Amino acid sequence: MSIVYLNGEYVPKEEAVISVDDRGFLFGDGIYEVTAAYRGSLFRWDLHLARMNRGLSALRIDFDPTELEEVHLQLLKENSLQEAPVAFVYTHITRGVAPRTHQFPSDPVAPTVYMFAGEYSRPPRNRWEEGYKAVTVHDQRWARVDLKTIQLLPNVLGKQAAIDAGVDECIYVKDGMAIEGALNNFFTVFGNTVVTHPTSNQILPGITREALFGVAEKLGYEVEVRAITIEEMFQADEAFHTGTLTEVKPCVEIDGRPVGTGKVGPVTRALFDGFLEVAGRKD
Ligand code: PLP
């Protein structure tokens with residue numbers, strides 16, 4: 001039985017009830033976060049906290065998520081996930097419950113905080129070694145995708161476009177540039193150089209992306225943070241996606257065309273192994 005957290009209480013999931021007047025339900029008025037826990041240790045909690053604070057402040061939701069670190073740990077405990085190789089905790093914070101008006105509620109209401117934990121099932125290494133395929137999808141998201149808001153319809157449609165095409169991932173393209181995935185960031189590799197889109201309002205600043213920079217530097221790869229054109233993407237030696245529930249996922253084919261040799265490359269493999277080492281270490 002899964003135990004979830006809702007507004008200060010730990011309850012069986014079946015007993016967690018949210019009002020139909022919740023602004024998350026009515027307007028998508030809120031933010032979310034997904035934090036990995038490697039054998040019970042939260043990975044880069046400070047960065048997740050900072051990203052939540054940034055989102056809450058941009059949406060003008062008055063809530064301090066600092067206290068949620070405890071809730072993350074408690075949820076892992078309640079669900080016997082402390083020893084799981086990789087677990088995750090999902091956090092969903094909405095502006096709260098109020099009669100439906102577009103403007104903020106006139107009387108302040110408490111935000112709704114809903115959280116749950118689960119185990120991440122990493123694909124077996126032999127599956128990973130086969131690589132994954134992607135399709136490009138025109139990026140029609142709003143202009144603040146740097147905020148991790150719960151409005152994810154374009155992401156839902158992007159991922160579904162990949163599934164409909166019989167592949168695993170999508171790559172958003174906009175103004176001739178390859179930007180990121182529907183639920184992950186996107187990297188290309190040229191020789192010993194790893195390239196990814198700059199932090200801006202056009203991508204979500206991924207915490208795995210950030211961690212990868214450190215791993216790449218340690219392994220002696222150059223990191224270039226710049227936009228890459230679609231033509232350039234098709235010339236890359238390797239490509240991969242990164243994310244909390246993606247880790248490092250090799251992309252070996254895009255729109256039916258092989259990336260490099262069409263096989264998982266040495267740089268992606270070294271970065272994934274380096275990432276697992278960093279993530280698995282108790283700091
Ligand atoms: N980009 C998008 C659109 C995402 O939804 C996510 C994760 O949910 C990421 C990138 C990767 O971010 P992180 O590495 O912090 O999980």
# chains A, B, ... in the order shown; residues from 1 in each chain; ligands from 1
>>> residues_near_ligand(ligand="ligand 1", cutoff="9 Å", atoms="only C-alpha atoms and all ligand atoms", output="PyMOL selection string")
chain A and resi 32-36+47-48+51+145-146+148+152+155+180-186+203-211+241-247
>>> closest_atom_pairs(of="stretch 55-168 of chain A", to="stretch 39-46 of chain A", cutoff="10 Å", atoms="only C-alpha atoms", output="Markdown table")
| residue | atom | partner | partner_atom | distance |
| --- | --- | --- | --- | --- |
| A:Thr66 | CA | A:Asp46 | CA | 9.4 |
| A:Glu69 | CA | A:Trp45 | CA | 7.7 |
| A:His72 | CA | A:Leu42 | CA | 8.1 |
| A:Leu73 | CA | A:Gly40 | CA | 7.4 |
| A:Leu76 | CA | A:Gly40 | CA | 7.0 |
| A:Lys77 | CA | A:Gly40 | CA | 8.6 |
| A:Ser80 | CA | A:Gly40 | CA | 9.7 |
| A:Leu81 | CA | A:Gly40 | CA | 6.9 |
| A:Gln82 | CA | A:Gly40 | CA | 4.2 |
| A:Glu83 | CA | A:Arg39 | CA | 4.6 |
| A:Ala84 | CA | A:Arg39 | CA | 5.1 |
| A:Pro85 | CA | A:Arg39 | CA | 5.0 |
| A:Val86 | CA | A:Arg39 | CA | 6.2 |
| A:Ala87 | CA | A:Arg39 | CA | 7.6 |
| A:Phe88 | CA | A:Leu42 | CA | 8.5 |
| A:Val89 | CA | A:Leu42 | CA | 9.0 |
>>> write_last_selection(atoms="N, CA and C atoms", output="PDB file, in the first residue's frame")
ATOM      1  N   THR A  66      11.345  24.508   2.325  1.00  0.00           N
ATOM      2  CA  THR A  66      12.512  23.974   3.055  1.00  0.00           C
ATOM      3  C   THR A  66      12.125  22.759   3.892  1.00  0.00           C
ATOM      4  N   GLU A  69      12.085  18.744   2.959  1.00  0.00           N
ATOM      5  CA  GLU A  69      13.193  17.775   2.949  1.00  0.00           C
ATOM      6  C   GLU A  69      12.838  16.615   3.900  1.00  0.00           C
ATOM      7  N   HIS A  72      10.305  14.348   2.377  1.00  0.00           N
ATOM      8  CA  HIS A  72      10.919  13.434   1.400  1.00  0.00           C
ATOM      9  C   HIS A  72      11.451  12.189   2.122  1.00  0.00           C
ATOM     10  N   LEU A  73      12.211  12.429   3.187  1.00  0.00           N
ATOM     11  CA  LEU A  73      12.850  11.314   3.892  1.00  0.00           C
ATOM     12  C   LEU A  73      11.803  10.420   4.548  1.00  0.00           C
ATOM     13  N   LEU A  76      10.090   8.179   2.023  1.00  0.00           N
ATOM     14  CA  LEU A  76      10.936   7.042   1.646  1.00  0.00           C
ATOM     15  C   LEU A  76      10.802   5.952   2.703  1.00  0.00           C
ATOM     16  N   LYS A  77      10.781   6.408   3.974  1.00  0.00           N
ATOM     17  CA  LYS A  77      10.672   5.470   5.082  1.00  0.00           C
ATOM     18  C   LYS A  77       9.304   4.770   5.074  1.00  0.00           C
ATOM     19  N   SER A  80       9.117   2.104   2.528  1.00  0.00           N
ATOM     20  CA  SER A  80      10.235   1.138   2.523  1.00  0.00           C
ATOM     21  C   SER A  80      11.147   1.304   1.311  1.00  0.00           C
ATOM     22  N   LEU A  81      11.505   2.563   1.025  1.00  0.00           N
ATOM     23  CA  LEU A  81      12.344   2.834  -0.147  1.00  0.00           C
ATOM     24  C   LEU A  81      13.743   3.314   0.237  1.00  0.00           C
ATOM     25  N   GLN A  82      14.050   3.238   1.542  1.00  0.00           N
ATOM     26  CA  GLN A  82      15.341   3.795   1.981  1.00  0.00           C
ATOM     27  C   GLN A  82      16.537   3.059   1.393  1.00  0.00           C
ATOM     28  N   GLU A  83      16.337   1.783   1.110  1.00  0.00           N
ATOM     29  CA  GLU A  83      17.462   1.000   0.579  1.00  0.00           C
ATOM     30  C   GLU A  83      17.345   0.782  -0.930  1.00  0.00           C
ATOM     31  N   ALA A  84      16.314   1.348  -1.533  1.00  0.00           N
ATOM     32  CA  ALA A  84      16.142   1.149  -2.985  1.00  0.00           C
ATOM     33  C   ALA A  84      17.342   1.755  -3.714  1.00  0.00           C
ATOM     34  N   PRO A  85      17.880   1.071  -4.736  1.00  0.00           N
ATOM     35  CA  PRO A  85      19.011   1.652  -5.480  1.00  0.00           C
ATOM     36  C   PRO A  85      18.670   3.064  -5.969  1.00  0.00           C
ATOM     37  N   VAL A  86      17.498   3.217  -6.586  1.00  0.00           N
ATOM     38  CA  VAL A  86      17.036   4.565  -6.958  1.00  0.00           C
ATOM     39  C   VAL A  86      15.535   4.665  -6.694  1.00  0.00           C
ATOM     40  N   ALA A  87      15.180   5.651  -5.890  1.00  0.00           N
ATOM     41  CA  ALA A  87      13.762   5.951  -5.681  1.00  0.00           C
ATOM     42  C   ALA A  87      13.567   7.414  -6.084  1.00  0.00           C
ATOM     43  N   PHE A  88      12.329   7.845  -6.079  1.00  0.00           N
ATOM     44  CA  PHE A  88      12.082   9.263  -6.362  1.00  0.00           C
ATOM     45  C   PHE A  88      10.946   9.754  -5.488  1.00  0.00           C
ATOM     46  N   VAL A  89      10.953  11.051  -5.238  1.00  0.00           N
ATOM     47  CA  VAL A  89       9.842  11.670  -4.524  1.00  0.00           C
ATOM     48  C   VAL A  89       9.281  12.770  -5.420  1.00  0.00           C
TER      49      VAL A  89
END
>>> closest_residue(among="A:Pro12, A:Gly256, A:Pro99, A:Gly262", to="A:Ala134", atoms="only C-alpha atoms")
A:Gly256
>>> atom_distance(atom1="atom CA of A:Ile230", atom2="atom CA of A:Arg269")
23.3 Å
>>> select_by_dssp(residues="stretch 27-263 of chain A", states="strand (DSSP E or B)", output="PyMOL selection string")
chain A and resi 30-38+41-42+87-94+97+112-119+132-138+149+169-174+177-178+180+185-190+193-196+222-225+228-229+238-243+247-254+257-258
>>> atom_distance(atom1="atom CA of A:Ile61", atom2="atom CA of A:Glu15")
26.0 Å
>>> select_by_dssp(residues="stretch 8-152 of chain A", states="alpha helix (DSSP H)", output="PyMOL selection string")
chain A and resi 23-27+45-59+68-78+125-128
>>> residues_around(residues="stretch 123-125 of chain A", least_positions_apart="2", cutoff="12 Å", atoms="only C-alpha atoms", output="VMD selection string")
chain A and resid 86 120 to 121 127 to 132 245 to 250 264 269 272 to 273
>>> residues_around(residues="A:Pro105", least_positions_apart="4", cutoff="10 Å", atoms="only C-alpha atoms", output="list in words")
Arg23, Arg95, Gly96, Val97, Ala98, Pro99, Arg100, Thr101 and Val109 of chain A
>>> write_last_selection(atoms="N, CA, C and O atoms", output="PDB file, in the first residue's frame")
ATOM      1  N   ARG A  23      -6.957  24.920  -7.422  1.00  0.00           N
ATOM      2  CA  ARG A  23      -6.519  25.685  -8.597  1.00  0.00           C
ATOM      3  C   ARG A  23      -5.524  24.910  -9.459  1.00  0.00           C
ATOM      4  O   ARG A  23      -5.329  25.251 -10.633  1.00  0.00           O
ATOM      5  N   ARG A  95      -1.686  26.593  -5.867  1.00  0.00           N
ATOM      6  CA  ARG A  95      -2.026  27.819  -5.132  1.00  0.00           C
ATOM      7  C   ARG A  95      -3.090  27.559  -4.064  1.00  0.00           C
ATOM      8  O   ARG A  95      -3.257  28.359  -3.165  1.00  0.00           O
ATOM      9  N   GLY A  96      -3.784  26.424  -4.153  1.00  0.00           N
ATOM     10  CA  GLY A  96      -4.754  26.076  -3.115  1.00  0.00           C
ATOM     11  C   GLY A  96      -6.177  26.028  -3.642  1.00  0.00           C
ATOM     12  O   GLY A  96      -6.419  26.031  -4.856  1.00  0.00           O
ATOM     13  N   VAL A  97      -7.107  25.975  -2.717  1.00  0.00           N
ATOM     14  CA  VAL A  97      -8.523  25.755  -3.041  1.00  0.00           C
ATOM     15  C   VAL A  97      -9.291  27.063  -2.875  1.00  0.00           C
ATOM     16  O   VAL A  97      -9.213  27.703  -1.822  1.00  0.00           O
ATOM     17  N   ALA A  98     -10.009  27.470  -3.914  1.00  0.00           N
ATOM     18  CA  ALA A  98     -10.806  28.707  -3.846  1.00  0.00           C
ATOM     19  C   ALA A  98     -11.827  28.675  -4.965  1.00  0.00           C
ATOM     20  O   ALA A  98     -11.586  28.010  -5.991  1.00  0.00           O
ATOM     21  N   PRO A  99     -12.957  29.381  -4.807  1.00  0.00           N
ATOM     22  CA  PRO A  99     -13.929  29.440  -5.907  1.00  0.00           C
ATOM     23  C   PRO A  99     -13.236  29.917  -7.190  1.00  0.00           C
ATOM     24  O   PRO A  99     -12.329  30.749  -7.133  1.00  0.00           O
ATOM     25  N   ARG A 100     -13.684  29.400  -8.324  1.00  0.00           N
ATOM     26  CA  ARG A 100     -12.937  29.617  -9.561  1.00  0.00           C
ATOM     27  C   ARG A 100     -12.993  31.063 -10.064  1.00  0.00           C
ATOM     28  O   ARG A 100     -14.041  31.540 -10.523  1.00  0.00           O
ATOM     29  N   THR A 101     -11.873  31.742  -9.952  1.00  0.00           N
ATOM     30  CA  THR A 101     -11.681  33.048 -10.604  1.00  0.00           C
ATOM     31  C   THR A 101     -10.285  33.024 -11.184  1.00  0.00           C
ATOM     32  O   THR A 101      -9.394  32.407 -10.602  1.00  0.00           O
ATOM     33  N   VAL A 109      -5.302  31.751   0.660  1.00  0.00           N
ATOM     34  CA  VAL A 109      -5.605  30.343   0.982  1.00  0.00           C
ATOM     35  C   VAL A 109      -4.283  29.598   1.113  1.00  0.00           C
ATOM     36  O   VAL A 109      -3.275  30.016   0.557  1.00  0.00           O
TER      37      VAL A 109
END
>>> atom_distance(atom1="atom CA of A:Phe187", atom2="atom CA of A:Asp175")
17.6 Å
>>> residues_around(residues="stretch 160-172 of chain A", least_positions_apart="5", cutoff="6 Å", atoms="only C-alpha atoms", output="list in words")
Lys133, Ala134, Val135, Thr136, Val137, His138, Asp139, Ile179, Glu180 and Gly181 of chain A
>>> write_last_selection(atoms="C-alpha atoms", output="PDB file, in the first residue's frame")
ATOM      1  CA  LYS A 133      15.252   6.332 -30.682  1.00  0.00           C
ATOM      2  CA  ALA A 134      13.690   9.786 -30.818  1.00  0.00           C
ATOM      3  CA  VAL A 135      11.571  11.968 -33.063  1.00  0.00           C
ATOM      4  CA  THR A 136      11.693  15.735 -33.415  1.00  0.00           C
ATOM      5  CA  VAL A 137       8.562  17.638 -32.388  1.00  0.00           C
ATOM      6  CA  HIS A 138       7.835  21.316 -33.005  1.00  0.00           C
ATOM      7  CA  ASP A 139       8.153  23.091 -29.645  1.00  0.00           C
ATOM      8  CA  ILE A 179      16.281  22.319 -27.613  1.00  0.00           C
ATOM      9  CA  GLU A 180      15.417  19.570 -25.116  1.00  0.00           C
ATOM     10  CA  GLY A 181      13.146  16.557 -24.574  1.00  0.00           C
TER      11      GLY A 181
END
>>> residues_around(residues="A:Glu14", least_positions_apart="2", cutoff="12 Å", atoms="only C-alpha atoms", output="ChimeraX atom specification")
/A:1-6,10-12,16-18
>>> write_last_selection(atoms="all heavy atoms", output="mmCIF file, in the first residue's frame")
data_model
loop_
_atom_site.group_PDB
_atom_site.id
_atom_site.type_symbol
_atom_site.label_atom_id
_atom_site.label_comp_id
_atom_site.auth_asym_id
_atom_site.auth_seq_id
_atom_site.Cartn_x
_atom_site.Cartn_y
_atom_site.Cartn_z
ATOM 1 N N MET A 1 0.850 -1.206 0.000
ATOM 2 C CA MET A 1 0.000 0.000 0.000
ATOM 3 C C MET A 1 0.884 1.253 0.000
ATOM 4 O O MET A 1 1.802 1.370 0.792
ATOM 5 C CB MET A 1 -0.877 -0.020 1.253
ATOM 6 C CG MET A 1 -1.838 1.128 1.294
ATOM 7 S SD MET A 1 -2.798 1.129 2.826
ATOM 8 C CE MET A 1 -1.568 0.937 4.093
ATOM 9 N N SER A 2 0.556 2.160 -0.886
ATOM 10 C CA SER A 2 1.392 3.356 -1.012
ATOM 11 C C SER A 2 0.917 4.446 -0.028
ATOM 12 O O SER A 2 -0.275 4.734 0.063
ATOM 13 C CB SER A 2 1.279 3.807 -2.469
ATOM 14 O OG SER A 2 1.771 5.087 -2.616
ATOM 15 N N ILE A 3 1.872 4.995 0.696
ATOM 16 C CA ILE A 3 1.559 6.088 1.631
ATOM 17 C C ILE A 3 1.978 7.402 0.980
ATOM 18 O O ILE A 3 3.126 7.544 0.534
ATOM 19 C CB ILE A 3 2.327 5.917 2.969
ATOM 20 C CG1 ILE A 3 1.958 4.593 3.656
ATOM 21 C CG2 ILE A 3 2.086 7.116 3.908
ATOM 22 C CD1 ILE A 3 0.531 4.501 4.144
ATOM 23 N N VAL A 4 1.062 8.335 0.925
ATOM 24 C CA VAL A 4 1.354 9.636 0.311
ATOM 25 C C VAL A 4 1.240 10.726 1.374
ATOM 26 O O VAL A 4 0.759 10.481 2.489
ATOM 27 C CB VAL A 4 0.395 9.926 -0.872
ATOM 28 C CG1 VAL A 4 0.454 8.808 -1.906
ATOM 29 C CG2 VAL A 4 -1.041 10.120 -0.396
ATOM 30 N N TYR A 5 1.685 11.910 1.005
ATOM 31 C CA TYR A 5 1.618 13.055 1.920
ATOM 32 C C TYR A 5 0.662 14.070 1.312
ATOM 33 O O TYR A 5 0.782 14.403 0.121
ATOM 34 C CB TYR A 5 3.017 13.647 2.065
ATOM 35 C CG TYR A 5 3.086 14.948 2.812
ATOM 36 C CD1 TYR A 5 3.300 14.971 4.192
ATOM 37 C CD2 TYR A 5 2.978 16.171 2.136
ATOM 38 C CE1 TYR A 5 3.389 16.178 4.882
ATOM 39 C CE2 TYR A 5 3.054 17.362 2.827
ATOM 40 C CZ TYR A 5 3.264 17.360 4.191
ATOM 41 O OH TYR A 5 3.361 18.553 4.872
ATOM 42 N N LEU A 6 -0.313 14.516 2.101
ATOM 43 C CA LEU A 6 -1.213 15.557 1.601
ATOM 44 C C LEU A 6 -1.460 16.559 2.716
ATOM 45 O O LEU A 6 -2.004 16.210 3.779
ATOM 46 C CB LEU A 6 -2.535 14.934 1.118
ATOM 47 C CG LEU A 6 -3.577 15.916 0.563
ATOM 48 C CD1 LEU A 6 -3.057 16.655 -0.670
ATOM 49 C CD2 LEU A 6 -4.879 15.187 0.212
ATOM 50 N N TYR A 10 0.273 12.015 6.463
ATOM 51 C CA TYR A 10 0.662 10.817 5.708
ATOM 52 C C TYR A 10 -0.537 9.889 5.700
ATOM 53 O O TYR A 10 -1.027 9.492 6.757
ATOM 54 C CB TYR A 10 1.853 10.135 6.380
ATOM 55 C CG TYR A 10 3.096 10.998 6.350
ATOM 56 C CD1 TYR A 10 3.367 11.891 7.397
ATOM 57 C CD2 TYR A 10 3.971 10.956 5.276
ATOM 58 C CE1 TYR A 10 4.486 12.706 7.360
ATOM 59 C CE2 TYR A 10 5.096 11.765 5.227
ATOM 60 C CZ TYR A 10 5.345 12.638 6.282
ATOM 61 O OH TYR A 10 6.452 13.447 6.231
ATOM 62 N N VAL A 11 -1.034 9.567 4.508
ATOM 63 C CA VAL A 11 -2.249 8.746 4.416
ATOM 64 C C VAL A 11 -2.101 7.719 3.292
ATOM 65 O O VAL A 11 -1.337 7.946 2.344
ATOM 66 C CB VAL A 11 -3.509 9.612 4.122
ATOM 67 C CG1 VAL A 11 -3.881 10.498 5.302
ATOM 68 C CG2 VAL A 11 -3.322 10.450 2.860
ATOM 69 N N PRO A 12 -2.842 6.591 3.384
ATOM 70 C CA PRO A 12 -2.842 5.675 2.229
ATOM 71 C C PRO A 12 -3.363 6.429 1.008
ATOM 72 O O PRO A 12 -4.282 7.267 1.128
ATOM 73 C CB PRO A 12 -3.825 4.573 2.645
ATOM 74 C CG PRO A 12 -3.912 4.660 4.134
ATOM 75 C CD PRO A 12 -3.686 6.111 4.484
ATOM 76 N N ALA A 16 -6.393 9.825 0.080
ATOM 77 C CA ALA A 16 -5.998 11.217 -0.197
ATOM 78 C C ALA A 16 -7.043 11.851 -1.118
ATOM 79 O O ALA A 16 -7.316 11.336 -2.199
ATOM 80 C CB ALA A 16 -4.632 11.245 -0.849
ATOM 81 N N VAL A 17 -7.653 12.937 -0.673
ATOM 82 C CA VAL A 17 -8.732 13.565 -1.438
ATOM 83 C C VAL A 17 -8.422 15.053 -1.629
ATOM 84 O O VAL A 17 -8.016 15.738 -0.697
ATOM 85 C CB VAL A 17 -10.079 13.411 -0.679
ATOM 86 C CG1 VAL A 17 -11.191 14.165 -1.406
ATOM 87 C CG2 VAL A 17 -10.442 11.941 -0.542
ATOM 88 N N ILE A 18 -8.610 15.525 -2.851
ATOM 89 C CA ILE A 18 -8.360 16.944 -3.156
ATOM 90 C C ILE A 18 -9.650 17.555 -3.698
ATOM 91 O O ILE A 18 -10.379 16.922 -4.465
ATOM 92 C CB ILE A 18 -7.212 17.071 -4.186
ATOM 93 C CG1 ILE A 18 -5.910 16.569 -3.554
ATOM 94 C CG2 ILE A 18 -7.025 18.509 -4.650
ATOM 95 C CD1 ILE A 18 -4.750 16.509 -4.490
#
>>> residues_around(residues="A:His92", least_positions_apart="3", cutoff="8 Å", atoms="only C-alpha atoms", output="count of residues only")
9
>>> closest_residue(among="A:Ala279, A:Val215, A:Gly220, A:Val267", to="A:Phe240", atoms="only C-alpha atoms")
A:Val267
>>> closest_residue(among="A:Ile228, A:Phe27, A:Ala37, A:Pro65", to="A:Gln103", atoms="only C-alpha atoms")
A:Phe27
>>> closest_residue(among="A:Leu147, A:Leu219, A:Val189, A:Met177", to="A:Gly265", atoms="only C-alpha atoms")
A:Val189
>>> closest_residue(among="A:Leu153, A:Val278, A:Ala236, A:Leu75", to="A:Thr261", atoms="only C-alpha atoms")
A:Ala236
>>> closest_residue(among="A:Leu59, A:Thr149, A:Thr188, A:Gly214", to="A:Gly28", atoms="only C-alpha atoms")
A:Thr149
